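Trainee: Have a peek at protein_39.cif (mmCIF, C-alpha atoms and all ligand atoms).
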data_input
loop_
_atom_site.label_atom_id
_atom_site.label_comp_id
_atom_site.auth_asym_id
_atom_site.auth_seq_id
_atom_site.Cartn_x
_atom_site.Cartn_y
_atom_site.Cartn_z
CA MET F 1 157.38 10.50 4.24
CA ASN F 2 159.64 12.86 6.14
CA LYS F 3 159.90 16.59 5.34
CA ARG F 4 163.51 16.45 4.10
CA ARG F 5 162.72 13.67 1.57
CA LYS F 6 159.73 15.66 0.28
CA VAL F 7 161.99 18.70 -0.30
CA ILE F 8 164.63 16.65 -2.14
CA LEU F 9 162.02 15.02 -4.39
CA LYS F 10 160.51 18.43 -5.14
CA GLU F 11 163.92 19.82 -6.10
CA LEU F 12 164.53 16.86 -8.39
CA GLY F 13 161.19 17.57 -10.11
CA LEU F 14 159.67 14.34 -8.82
CA THR F 15 156.40 15.86 -7.69
CA PRO F 16 153.45 15.71 -7.37
CA LEU F 17 153.80 12.59 -5.32
CA TRP F 18 151.64 9.61 -6.33
CA LYS F 19 150.39 7.22 -3.78
CA ILE F 20 149.67 3.60 -4.63
CA LYS F 21 145.99 3.04 -4.06
CA HIS F 22 144.78 -0.09 -2.37
CA VAL F 23 144.30 -2.61 -5.21
CA LYS F 24 141.09 -4.60 -5.09
CA GLN F 25 141.67 -8.35 -5.26
CA PHE F 26 140.38 -9.85 -8.49
CA PRO F 27 139.56 -13.52 -8.88
CA SER F 28 142.53 -15.55 -10.07
CA ALA F 29 143.06 -15.99 -13.82
CA GLN F 30 141.95 -19.58 -13.42
CA ALA F 31 138.64 -18.54 -11.88
CA VAL F 32 137.99 -16.01 -14.63
CA THR F 33 138.73 -18.59 -17.32
CA THR F 34 136.51 -21.13 -15.66
CA GLN F 35 133.68 -18.67 -15.29
CA ALA F 36 134.06 -17.52 -18.86
CA SER F 37 134.13 -20.94 -20.44
CA LYS F 38 131.50 -22.54 -18.24
CA VAL F 39 128.93 -19.80 -17.96
CA ILE F 40 129.44 -16.62 -19.93
CA GLN F 41 130.93 -17.96 -23.15
CA PRO F 42 128.54 -20.80 -24.06
CA VAL F 43 125.48 -18.71 -23.23
CA ALA F 44 126.74 -15.88 -25.42
CA ILE F 45 127.56 -18.23 -28.30
CA GLN F 46 124.12 -19.79 -28.17
CA GLN F 47 122.59 -16.35 -28.70
CA MET F 48 124.77 -15.31 -31.64
CA GLY F 49 123.63 -14.70 -35.19
CA TRP F 50 125.63 -15.88 -38.21
CA ALA F 51 127.95 -12.88 -38.46
CA GLN F 52 128.81 -12.83 -34.77
CA LEU F 53 129.34 -16.56 -34.69
CA ASN F 54 131.58 -16.46 -37.73
CA ALA F 55 133.66 -13.67 -36.16
CA LYS F 56 133.89 -15.57 -32.89
CA VAL F 57 135.17 -18.67 -34.70
CA THR F 58 137.60 -16.60 -36.79
CA ASN F 59 139.18 -15.20 -33.62
CA CYS F 60 138.97 -18.39 -31.55
CA MET F 61 142.12 -19.31 -29.59
CA ALA F 62 140.45 -21.85 -27.31
CA CYS F 63 142.62 -24.82 -28.20
CA PRO F 64 146.11 -25.49 -29.61
CA LEU F 65 144.74 -25.98 -33.15
CA SER F 66 144.49 -22.20 -33.33
CA GLN F 67 148.29 -22.00 -33.18
CA THR F 68 148.87 -24.06 -36.31
CA ARG F 69 145.93 -23.15 -38.55
CA THR F 70 146.23 -20.85 -41.55
CA GLN F 71 142.63 -19.82 -41.08
CA THR F 72 139.44 -21.17 -39.55
CA VAL F 73 137.01 -23.14 -41.71
CA PHE F 74 133.52 -22.19 -40.61
CA GLY F 75 131.10 -23.87 -42.97
CA VAL F 76 129.51 -23.47 -46.38
CA GLY F 77 126.15 -23.71 -48.05
CA ASP F 78 122.51 -22.94 -47.58
CA LYS F 79 121.94 -21.36 -44.17
CA HIS F 80 118.37 -22.66 -44.13
CA ALA F 81 119.22 -26.11 -45.43
CA ASP F 82 117.15 -29.21 -44.73
CA TRP F 83 120.35 -31.27 -44.95
CA LEU F 84 123.43 -30.79 -42.80
CA CYS F 85 126.65 -32.70 -43.52
CA VAL F 86 129.21 -32.82 -40.71
CA GLY F 87 132.80 -33.93 -41.30
CA GLU F 88 135.64 -34.15 -38.80
CA GLY F 89 137.92 -31.21 -39.50
CA PRO F 90 139.64 -29.23 -42.26
CA GLY F 91 142.51 -30.75 -44.21
CA ALA F 92 145.37 -28.91 -45.91
CA ARG F 93 143.34 -27.52 -48.81
CA GLU F 94 140.46 -26.50 -46.59
CA ASP F 95 142.93 -24.75 -44.26
CA ALA F 96 144.38 -22.90 -47.26
CA LEU F 97 141.02 -21.94 -48.82
CA GLY F 98 138.80 -21.52 -45.76
CA GLU F 99 136.04 -23.79 -47.06
CA PRO F 100 135.17 -27.33 -45.95
CA PHE F 101 135.55 -30.32 -48.27
CA VAL F 102 137.32 -28.68 -51.19
CA GLY F 103 139.94 -31.40 -51.81
CA PRO F 104 139.46 -34.81 -53.46
CA ALA F 105 137.23 -35.97 -50.56
CA GLY F 106 135.12 -32.87 -51.17
CA LYS F 107 134.71 -33.75 -54.84
CA LEU F 108 133.47 -37.17 -53.83
CA LEU F 109 131.11 -35.61 -51.28
CA ASP F 110 129.70 -33.35 -54.01
CA ASN F 111 129.14 -36.43 -56.19
CA MET F 112 127.50 -38.28 -53.32
CA LEU F 113 125.17 -35.33 -52.78
CA ALA F 114 124.46 -35.05 -56.51
CA ALA F 115 123.47 -38.75 -56.51
CA ILE F 116 120.53 -37.87 -54.26
CA GLY F 117 119.74 -34.65 -56.14
CA LEU F 118 121.56 -32.21 -53.85
CA SER F 119 124.37 -29.69 -54.21
CA ARG F 120 126.38 -27.83 -51.57
CA GLY F 121 124.82 -24.48 -52.41
CA GLN F 122 121.19 -25.57 -52.23
CA HIS F 123 119.37 -27.27 -49.38
CA VAL F 124 122.69 -28.45 -47.92
CA TYR F 125 125.00 -26.91 -45.33
CA ILE F 126 128.45 -28.43 -44.77
CA THR F 127 130.65 -28.02 -41.72
CA ASN F 128 133.00 -29.94 -39.43
CA ILE F 129 133.33 -30.98 -35.80
CA VAL F 130 136.42 -28.76 -35.46
CA LYS F 131 136.94 -25.52 -37.37
CA CYS F 132 140.74 -25.60 -37.46
CA ARG F 133 143.01 -28.07 -39.20
CA PRO F 134 144.59 -30.69 -36.94
CA PRO F 135 148.30 -30.87 -37.85
CA ASN F 136 149.19 -33.62 -40.33
CA ASN F 137 145.48 -34.35 -40.75
CA ARG F 138 145.35 -36.30 -37.50
CA ASN F 139 141.97 -36.83 -35.88
CA PRO F 140 140.88 -34.01 -33.58
CA ASN F 141 141.18 -35.09 -29.94
CA ASN F 142 138.35 -34.95 -27.38
CA ASP F 143 139.44 -31.65 -25.89
CA GLU F 144 139.65 -29.96 -29.31
CA ALA F 145 136.23 -31.31 -30.26
CA GLN F 146 134.75 -30.16 -26.96
CA GLN F 147 136.16 -26.64 -27.27
CA CYS F 148 134.57 -26.38 -30.72
CA GLU F 149 131.25 -27.95 -29.81
CA PRO F 150 129.39 -24.73 -28.91
CA TYR F 151 130.07 -23.44 -32.45
CA LEU F 152 128.59 -26.52 -34.10
CA THR F 153 125.66 -26.51 -31.69
CA ARG F 154 124.92 -22.90 -32.61
CA GLN F 155 125.31 -23.58 -36.34
CA ILE F 156 122.80 -26.41 -36.04
CA ALA F 157 120.38 -24.21 -34.10
CA LEU F 158 120.65 -21.51 -36.79
CA VAL F 159 120.34 -23.82 -39.81
CA LYS F 160 117.60 -25.96 -38.23
CA PRO F 161 118.26 -28.89 -40.57
CA LYS F 162 115.70 -31.65 -40.89
CA LEU F 163 118.41 -34.30 -41.10
CA ILE F 164 122.11 -34.58 -40.32
CA ILE F 165 124.57 -36.81 -42.15
CA ALA F 166 127.60 -37.65 -40.03
CA LEU F 167 130.57 -38.23 -42.33
CA GLY F 168 132.85 -40.75 -40.69
CA LYS F 169 133.58 -42.08 -37.24
CA ILE F 170 134.83 -38.85 -35.63
CA ALA F 171 131.77 -36.86 -36.70
CA ALA F 172 129.41 -39.64 -35.66
CA GLN F 173 131.02 -40.28 -32.29
CA ASN F 174 131.13 -36.60 -31.37
CA LEU F 175 127.60 -35.83 -32.52
CA LEU F 176 126.12 -38.86 -30.82
CA GLY F 177 128.37 -38.93 -27.76
CA ARG F 178 129.18 -42.58 -28.47
CA ASP F 179 132.31 -44.62 -28.79
CA ASP F 180 131.06 -47.27 -31.19
CA SER F 181 132.63 -48.22 -34.49
CA ILE F 182 131.19 -46.84 -37.68
CA SER F 183 129.87 -50.25 -38.70
CA ARG F 184 127.78 -50.35 -35.51
CA LEU F 185 126.50 -46.82 -36.02
CA ARG F 186 125.53 -47.17 -39.71
CA GLY F 187 122.05 -48.33 -40.71
CA THR F 188 120.22 -46.82 -37.71
CA CYS F 189 118.53 -43.47 -37.46
CA HIS F 190 120.06 -41.74 -34.43
CA ALA F 191 119.19 -38.28 -33.10
CA TYR F 192 121.02 -35.09 -32.19
CA GLN F 193 118.79 -32.82 -30.10
CA GLY F 194 115.75 -34.35 -31.78
CA ILE F 195 117.17 -34.10 -35.32
CA PRO F 196 117.60 -37.44 -37.16
CA VAL F 197 121.25 -38.39 -37.75
CA ILE F 198 122.38 -40.91 -40.37
CA VAL F 199 125.96 -42.14 -40.24
CA THR F 200 128.04 -42.96 -43.27
CA TYR F 201 131.67 -43.39 -44.23
CA HIS F 202 133.94 -40.40 -44.56
CA PRO F 203 134.53 -39.58 -48.26
CA ALA F 204 138.32 -39.65 -47.69
CA TYR F 205 137.99 -43.22 -46.44
CA LEU F 206 135.84 -44.12 -49.47
CA LEU F 207 138.63 -42.88 -51.76
CA ARG F 208 140.91 -45.48 -50.17
CA ALA F 209 138.32 -48.24 -49.88
CA LEU F 210 136.34 -48.15 -53.11
CA PRO F 211 134.26 -51.32 -52.44
CA GLU F 212 132.70 -49.51 -49.43
CA LYS F 213 131.09 -47.00 -51.81
CA GLU F 214 128.20 -49.40 -52.21
CA LYS F 215 127.52 -49.20 -48.48
CA ALA F 216 127.75 -45.41 -48.59
CA TRP F 217 125.16 -45.48 -51.36
CA GLU F 218 122.89 -47.57 -49.11
CA ASP F 219 123.37 -44.96 -46.35
CA LEU F 220 122.43 -42.13 -48.71
CA CYS F 221 119.30 -43.98 -49.84
CA PHE F 222 118.44 -44.56 -46.17
CA ALA F 223 118.96 -40.85 -45.48
CA GLN F 224 116.76 -39.89 -48.42
CA ALA F 225 114.00 -42.28 -47.34
CA THR F 226 114.22 -40.92 -43.78
CA MET F 227 113.96 -37.35 -45.08
CA GLN F 228 110.93 -38.26 -47.18
CA SER F 229 109.25 -39.85 -44.19
CA LEU F 230 109.56 -36.69 -42.09
CA PRO F 231 106.48 -34.53 -41.56
N1 LIG A 301 137.73 -33.87 -44.26
C1 LIG A 301 136.83 -33.39 -43.36
O1 LIG A 301 136.39 -34.10 -42.47
N2 LIG A 301 136.45 -32.14 -43.50
C2 LIG A 301 136.89 -31.34 -44.46
O2 LIG A 301 136.48 -30.19 -44.49
C3 LIG A 301 137.82 -31.85 -45.37
C4 LIG A 301 138.24 -33.12 -45.26
#
Please render this file's structure as structure tokens.

Mentor:
Amino acid sequence: MNKRRKVILKELGLTPLWKIKHVKQFPSAQAVTTQASKVIQPVAIQQMGWAQLNAKVTNCMACPLSQTRTQTVFGVGDKHADWLCVGEGPGAREDALGEPFVGPAGKLLDNMLAAIGLSRGQHVYITNIVKCRPPNNRNPNNDEAQQCEPYLTRQIALVKPKLIIALGKIAAQNLLGRDDSISRLRGTCHAYQGIPVIVTYHPAYLLRALPEKEKAWEDLCFAQATMQSLP
């Protein structure tokens, strides 16, 4: 800068003069996101306790469902349950109340559990594949389910259930990584990371297809027999 310019700036009160430092090049936003989601984030989630995990889910903005939810729906029940029920995602009432399966399908689920001597507060934990409501109660898509998967994986690791009941096609397909229809998946004991998984109909479907309740009852008896056969 020449002398004259320095004098003028000084007279105008524009001193001391600040120089722009050389700015270190950071990785692009894309690279940071990729690193965070592929390495840092999942590892951190898999080390979280309940409170941290709940807070992480509450603040999650990983997929577009976060834009339309009222609140996240984390899960409910016994944190050391032998039984874990997994549904697909919150509906309107769940989104409003912050608890899974609180609408008519939830009432039926409670009755199904009661039929095998269980209740949501004791020995049972209930959660969903995705923690935010898909608009208009549509099925969560693959990307939404994948973004939410580390949360469910951590919940399962913390609960350490002896048996998982997959409620409906979406829960079953995502837990088992399979594309098959529910009728193909029912009646077999599958596994999720070594934990037995029994597939049954979603309670909301059973409310529309009452004759299928008999099959759901068979599934529950199968689940109970499987549980009793475990060491
Ligand atoms: N249906 C689900 O799959 N989950 C809920 O929490 C409510 C309805």

Trainee: Work out how far CA of Asn59 (chain F) is from CA of Leu163 (chain F), in Å to one decimal.

Mentor: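 Between CA of Leu163 (chain F) and CA of Asn59 (chain F) the gap is 29.2 Å.
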
Trainee: Excluding region 72-85 of chain F and its own-chain neighbours fewer than 2 positions away, which residues fall within 7 Å of it when counting all atoms listed in the file? Please give them as a PyMOL selection string.

Mentor: chain F and resi 54+57-58+69+87+90+94-95+98-100+120-127+131-132+159-167

Trainee: Please produce an output containing C-alpha atoms for each residue in the selection, written as a CSV table (one decimal), in the frame of the given file.

Mentor:
chain,number,residue,atom,x,y,z
F,54,ASN,CA,131.6,-16.5,-37.7
F,57,VAL,CA,135.2,-18.7,-34.7
F,58,THR,CA,137.6,-16.6,-36.8
F,69,ARG,CA,145.9,-23.2,-38.6
F,87,GLY,CA,132.8,-33.9,-41.3
F,90,PRO,CA,139.6,-29.2,-42.3
F,94,GLU,CA,140.5,-26.5,-46.6
F,95,ASP,CA,142.9,-24.8,-44.3
F,98,GLY,CA,138.8,-21.5,-45.8
F,99,GLU,CA,136.0,-23.8,-47.1
F,100,PRO,CA,135.2,-27.3,-46.0
F,120,ARG,CA,126.4,-27.8,-51.6
F,121,GLY,CA,124.8,-24.5,-52.4
F,122,GLN,CA,121.2,-25.6,-52.2
F,123,HIS,CA,119.4,-27.3,-49.4
F,124,VAL,CA,122.7,-28.4,-47.9
F,125,TYR,CA,125.0,-26.9,-45.3
F,126,ILE,CA,128.4,-28.4,-44.8
F,127,THR,CA,130.6,-28.0,-41.7
F,131,LYS,CA,136.9,-25.5,-37.4
F,132,CYS,CA,140.7,-25.6,-37.5
F,159,VAL,CA,120.3,-23.8,-39.8
F,160,LYS,CA,117.6,-26.0,-38.2
F,161,PRO,CA,118.3,-28.9,-40.6
F,162,LYS,CA,115.7,-31.6,-40.9
F,163,LEU,CA,118.4,-34.3,-41.1
F,164,ILE,CA,122.1,-34.6,-40.3
F,165,ILE,CA,124.6,-36.8,-42.2
F,166,ALA,CA,127.6,-37.6,-40.0
F,167,LEU,CA,130.6,-38.2,-42.3

Trainee: Using CA of Met61 (chain F) and CA of Asn128 (chain F) as the two end points, give the distance in Å to one decimal.

Mentor: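 Distance between the two atoms: 17.1 Å.
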
Trainee: Would you give the centre and edge lengths, in Å to one decimal, of a box along x, y and z around the listed atoms of region 88-93 of chain F, with 8 Å added to each side, as JSON?

Mentor:
{"center_x": 140.5, "center_y": -30.8, "center_z": -43.8, "size_x": 25.7, "size_y": 22.6, "size_z": 26.0}

Trainee: Kindly give the distance, in Å, that separates CA of Leu108 (chain F) and CA of Ser66 (chain F), rounded to a single decimal.

Mentor: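 So the two atoms, CA of Leu108 (chain F) and CA of Ser66 (chain F), lie 27.7 Å apart.
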
Trainee: Taking only C-alpha atoms and all ligand atoms into account, which of F:Cys148, F:Leu113, F:Ile198, F:Ala171 comes nearest ligand LIG 301 (chain A)?

Mentor: F:Ala171

Trainee: Taking only C-alpha atoms into account, name the residue in F:Ala172, F:Leu230, F:Ile195, F:Ala114 that is nearest to Ala157 (chain F).

Mentor: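 With only C-alpha atoms as the atom set, the closest residue is F:Ile195.
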
Trainee: Against region 137-147 of chain F, which residues of region 26-133 of chain F fall within 7 Å? For each one I want the closest pair of atoms and the distance in Å (one decimal), counting only C-alpha atoms, rows by chain and increasing residue number, as a Markdown table.

Mentor:
| residue | atom | partner | partner_atom | distance |
| --- | --- | --- | --- | --- |
| F:Ala62 | CA | F:Gln147 | CA | 6.4 |
| F:Cys63 | CA | F:Glu144 | CA | 6.0 |
| F:Gly91 | CA | F:Asn137 | CA | 5.8 |
| F:Ile129 | CA | F:Ala145 | CA | 6.3 |
| F:Val130 | CA | F:Ala145 | CA | 5.8 |
| F:Arg133 | CA | F:Asn137 | CA | 6.9 |

Trainee: Write the residues of the preceding selection, restricted to C-alpha atoms, as a JSON list (two decimals), in the coordinates of the input.

Mentor:
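Below is the file result17.json, written as the result:
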[["chain", "number", "residue", "atom", "x", "y", "z"],
["F", 62, "ALA", "CA", 140.45, -21.85, -27.31],
["F", 63, "CYS", "CA", 142.62, -24.82, -28.20],
["F", 91, "GLY", "CA", 142.51, -30.75, -44.21],
["F", 129, "ILE", "CA", 133.33, -30.98, -35.80],
["F", 130, "VAL", "CA", 136.42, -28.76, -35.46],
["F", 133, "ARG", "CA", 143.01, -28.07, -39.20]]

Trainee: Would you list the residues near (128.8, -47.0, -35.4) (no more than 12 Å away, in the coordinates of the file, using only C-alpha atoms) as a short mmCIF file (atom, residue, chain, number, x, y, z; two decimals) with C-alpha atoms, in the frame of the given file?

Mentor:
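Once everything was written out, this is selection_11.cif:
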data_model
loop_
_atom_site.label_atom_id
_atom_site.label_comp_id
_atom_site.auth_asym_id
_atom_site.auth_seq_id
_atom_site.Cartn_x
_atom_site.Cartn_y
_atom_site.Cartn_z
CA ALA F 166 127.60 -37.65 -40.03
CA LEU F 167 130.57 -38.23 -42.33
CA GLY F 168 132.85 -40.75 -40.69
CA LYS F 169 133.58 -42.08 -37.24
CA ILE F 170 134.83 -38.85 -35.63
CA ALA F 171 131.77 -36.86 -36.70
CA ALA F 172 129.41 -39.64 -35.66
CA GLN F 173 131.02 -40.28 -32.29
CA ASN F 174 131.13 -36.60 -31.37
CA LEU F 175 127.60 -35.83 -32.52
CA LEU F 176 126.12 -38.86 -30.82
CA GLY F 177 128.37 -38.93 -27.76
CA ARG F 178 129.18 -42.58 -28.47
CA ASP F 179 132.31 -44.62 -28.79
CA ASP F 180 131.06 -47.27 -31.19
CA SER F 181 132.63 -48.22 -34.49
CA ILE F 182 131.19 -46.84 -37.68
CA SER F 183 129.87 -50.25 -38.70
CA ARG F 184 127.78 -50.35 -35.51
CA LEU F 185 126.50 -46.82 -36.02
CA ARG F 186 125.53 -47.17 -39.71
CA GLY F 187 122.05 -48.33 -40.71
CA THR F 188 120.22 -46.82 -37.71
CA CYS F 189 118.53 -43.47 -37.46
CA HIS F 190 120.06 -41.74 -34.43
CA VAL F 197 121.25 -38.39 -37.75
CA ILE F 198 122.38 -40.91 -40.37
CA VAL F 199 125.96 -42.14 -40.24
CA THR F 200 128.04 -42.96 -43.27
CA TYR F 201 131.67 -43.39 -44.23
#

Trainee: Which of these residues is nearest to Ala204 (chain F), using only C-alpha atoms: F:Cys60, F:Thr70, F:Ala105, F:Ala44?

Mentor: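 That would be F:Ala105, the residue with the smallest distance to Ala204 (chain F).
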
Trainee: For each of F:Met227, F:Val86, F:Ile156, F:Leu65, take the minimum atom-to-atom distance to ligand LIG 301 (chain A), counting all atoms listed in the file, then give the residue where this is smallest.

Mentor: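 Closest residue, counting all atoms listed in the file: F:Val86.
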
Trainee: So, counting all atoms listed in the file, which residue among F:Cys221, F:His202, F:Lys107, F:Gln46 is closest to ligand LIG 301 (chain A)?

Mentor: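 Of F:Cys221, F:His202, F:Lys107, F:Gln46, the one nearest ligand LIG 301 (chain A), counting all atoms listed in the file, is F:His202.
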